[in-house]
Each structure stands twice: as structure tokens, then as C-alpha cells.
Amino acid sequence: MNETEATFEHAQAELEQIVERLEQGQASLDEALALWERGEKLYAFCRERLDAAQGKVEELARRVEQSRPEPEA
């Protein structure tokens with residue numbers, strides 16, 4: 001998966017498949033290591049996307065808060 005084309009959902013789905021494969025315990029050592037490395041890259045990609053989304057949500061919440069009129073006393 002090319003990271004410029006990747007979506008969070010695709011990366012998450014692939015990561016879930018990797019976890020299932022590793023949990024089955026039927027992968028060879030070399031395959032398990034390759035899956036683990038791919039999983040780490042996918043996790044980092046997903047974490048980056050989630051952090052960026054959280055930052056955007058926080059910024060939007062600040063804007064909403066700042067745009068509210070002050071209550072009159």
C-alpha cells in the first residue's frame with residue numbers, strides 16, 4: 001500500500017489481518033518478523049492519522065468556543 005494512497009481504514013484493516021495471522025501462530029519466523037515490521041509501519045501510519053485528526057477536532061472546538069458571543073450579565 002502506497003502511503004500517499006493509503007487511508008486510515010485500509011491501514012487499519014491490513015493491521016487487523018496481520019494481528020490475526022500472528023495470533024494464529026502458523027507463520028514461519030521470517031514471515032512473522034516481516035508481518036511484525038509491516039504492522040509497526042501501519043500502526044505508526046494510523047497513529048499519525050489519528051493524532052492529526054485529533055488536532056483538527058481540537059482546533060475546530062477552539063474556533064467554535066471563540067466564536068460564541070459573551071453572555072450578557
# chains A, B, ... in the order shown; residues from 1 in each chain; ligands from 1
call {"tool": "residues_around", "arguments": {"residues": "Glu9 (chain A)", "least_positions_apart": "5", "cutoff": "12 Å", "atoms": "only C-alpha atoms", "output": "PyMOL selection string"}}
result
chain A and resi 14-16+42-43+45-46+49-50
call {"tool": "residues_around", "arguments": {"residues": "Gly39 (chain A)", "least_positions_apart": "2", "cutoff": "12 Å", "atoms": "only C-alpha atoms", "output": "list in words"}}
result
Ala11, Gln12, Ala13, Glu14, Leu15, Glu16, Gln17, Ile18, Val19, Glu20, Arg21, Leu22, Glu31, Ala32, Leu33, Ala34, Leu35, Trp36, Glu37, Lys41, Leu42, Tyr43, Ala44, Phe45, Cys46 and Arg47 of chain A
call {"tool": "write_last_selection", "arguments": {"atoms": "N, CA and C atoms", "output": "PDB file, in the first residue's frame"}}
result
ATOM      1  N   ALA A  11      -5.404   0.905   6.161  1.00  0.00           N
ATOM      2  CA  ALA A  11      -4.275   0.558   7.020  1.00  0.00           C
ATOM      3  C   ALA A  11      -4.750  -0.215   8.244  1.00  0.00           C
ATOM      4  N   GLN A  12      -5.853   0.219   8.825  1.00  0.00           N
ATOM      5  CA  GLN A  12      -6.394  -0.466   9.993  1.00  0.00           C
ATOM      6  C   GLN A  12      -6.818  -1.899   9.643  1.00  0.00           C
ATOM      7  N   ALA A  13      -7.465  -2.058   8.503  1.00  0.00           N
ATOM      8  CA  ALA A  13      -7.900  -3.392   8.082  1.00  0.00           C
ATOM      9  C   ALA A  13      -6.692  -4.308   7.861  1.00  0.00           C
ATOM     10  N   GLU A  14      -5.656  -3.795   7.216  1.00  0.00           N
ATOM     11  CA  GLU A  14      -4.461  -4.614   6.993  1.00  0.00           C
ATOM     12  C   GLU A  14      -3.796  -4.956   8.323  1.00  0.00           C
ATOM     13  N   LEU A  15      -3.749  -4.004   9.233  1.00  0.00           N
ATOM     14  CA  LEU A  15      -3.162  -4.250  10.547  1.00  0.00           C
ATOM     15  C   LEU A  15      -3.941  -5.327  11.297  1.00  0.00           C
ATOM     16  N   GLU A  16      -5.256  -5.286  11.210  1.00  0.00           N
ATOM     17  CA  GLU A  16      -6.075  -6.316  11.852  1.00  0.00           C
ATOM     18  C   GLU A  16      -5.793  -7.700  11.262  1.00  0.00           C
ATOM     19  N   GLN A  17      -5.593  -7.770   9.947  1.00  0.00           N
ATOM     20  CA  GLN A  17      -5.273  -9.047   9.311  1.00  0.00           C
ATOM     21  C   GLN A  17      -3.913  -9.568   9.784  1.00  0.00           C
ATOM     22  N   ILE A  18      -2.971  -8.665   9.932  1.00  0.00           N
ATOM     23  CA  ILE A  18      -1.640  -9.055  10.408  1.00  0.00           C
ATOM     24  C   ILE A  18      -1.733  -9.600  11.831  1.00  0.00           C
ATOM     25  N   VAL A  19      -2.485  -8.915  12.679  1.00  0.00           N
ATOM     26  CA  VAL A  19      -2.640  -9.372  14.066  1.00  0.00           C
ATOM     27  C   VAL A  19      -3.269 -10.765  14.090  1.00  0.00           C
ATOM     28  N   GLU A  20      -4.306 -10.963  13.293  1.00  0.00           N
ATOM     29  CA  GLU A  20      -4.948 -12.287  13.234  1.00  0.00           C
ATOM     30  C   GLU A  20      -3.957 -13.357  12.790  1.00  0.00           C
ATOM     31  N   ARG A  21      -3.186 -13.042  11.773  1.00  0.00           N
ATOM     32  CA  ARG A  21      -2.199 -14.002  11.245  1.00  0.00           C
ATOM     33  C   ARG A  21      -1.167 -14.345  12.315  1.00  0.00           C
ATOM     34  N   LEU A  22      -0.682 -13.336  13.027  1.00  0.00           N
ATOM     35  CA  LEU A  22       0.306 -13.585  14.071  1.00  0.00           C
ATOM     36  C   LEU A  22      -0.299 -14.363  15.240  1.00  0.00           C
ATOM     37  N   GLU A  31       8.488 -14.986   8.274  1.00  0.00           N
ATOM     38  CA  GLU A  31       7.220 -14.357   7.919  1.00  0.00           C
ATOM     39  C   GLU A  31       6.675 -13.550   9.098  1.00  0.00           C
ATOM     40  N   ALA A  32       6.785 -14.090  10.290  1.00  0.00           N
ATOM     41  CA  ALA A  32       6.302 -13.388  11.479  1.00  0.00           C
ATOM     42  C   ALA A  32       7.058 -12.077  11.683  1.00  0.00           C
ATOM     43  N   LEU A  33       8.360 -12.107  11.470  1.00  0.00           N
ATOM     44  CA  LEU A  33       9.152 -10.880  11.600  1.00  0.00           C
ATOM     45  C   LEU A  33       8.742  -9.849  10.554  1.00  0.00           C
ATOM     46  N   ALA A  34       8.529 -10.288   9.326  1.00  0.00           N
ATOM     47  CA  ALA A  34       8.107  -9.376   8.254  1.00  0.00           C
ATOM     48  C   ALA A  34       6.723  -8.801   8.564  1.00  0.00           C
ATOM     49  N   LEU A  35       5.831  -9.652   9.056  1.00  0.00           N
ATOM     50  CA  LEU A  35       4.493  -9.175   9.418  1.00  0.00           C
ATOM     51  C   LEU A  35       4.576  -8.165  10.555  1.00  0.00           C
ATOM     52  N   TRP A  36       5.410  -8.444  11.544  1.00  0.00           N
ATOM     53  CA  TRP A  36       5.571  -7.538  12.681  1.00  0.00           C
ATOM     54  C   TRP A  36       6.079  -6.172  12.213  1.00  0.00           C
ATOM     55  N   GLU A  37       7.091  -6.177  11.334  1.00  0.00           N
ATOM     56  CA  GLU A  37       7.640  -4.921  10.818  1.00  0.00           C
ATOM     57  C   GLU A  37       6.584  -4.143  10.036  1.00  0.00           C
ATOM     58  N   LYS A  41       4.791  -0.348  10.907  1.00  0.00           N
ATOM     59  CA  LYS A  41       4.636   0.765   9.957  1.00  0.00           C
ATOM     60  C   LYS A  41       3.174   1.189   9.853  1.00  0.00           C
ATOM     61  N   LEU A  42       2.292   0.199   9.793  1.00  0.00           N
ATOM     62  CA  LEU A  42       0.864   0.507   9.709  1.00  0.00           C
ATOM     63  C   LEU A  42       0.372   1.183  10.984  1.00  0.00           C
ATOM     64  N   TYR A  43       0.847   0.706  12.134  1.00  0.00           N
ATOM     65  CA  TYR A  43       0.462   1.318  13.406  1.00  0.00           C
ATOM     66  C   TYR A  43       0.910   2.783  13.451  1.00  0.00           C
ATOM     67  N   ALA A  44       2.146   3.039  13.035  1.00  0.00           N
ATOM     68  CA  ALA A  44       2.663   4.406  13.035  1.00  0.00           C
ATOM     69  C   ALA A  44       1.829   5.282  12.093  1.00  0.00           C
ATOM     70  N   PHE A  45       1.476   4.754  10.939  1.00  0.00           N
ATOM     71  CA  PHE A  45       0.642   5.491   9.979  1.00  0.00           C
ATOM     72  C   PHE A  45      -0.714   5.823  10.596  1.00  0.00           C
ATOM     73  N   CYS A  46      -1.352   4.823  11.215  1.00  0.00           N
ATOM     74  CA  CYS A  46      -2.668   5.036  11.830  1.00  0.00           C
ATOM     75  C   CYS A  46      -2.570   6.029  12.983  1.00  0.00           C
ATOM     76  N   ARG A  47      -1.550   5.899  13.814  1.00  0.00           N
ATOM     77  CA  ARG A  47      -1.354   6.806  14.951  1.00  0.00           C
ATOM     78  C   ARG A  47      -1.184   8.237  14.454  1.00  0.00           C
TER      79      ARG A  47
END
call {"tool": "atom_distance", "arguments": {"atom1": "CA of Gln66 (chain A)", "atom2": "CA of Gln54 (chain A)"}}
result
18.3 Å
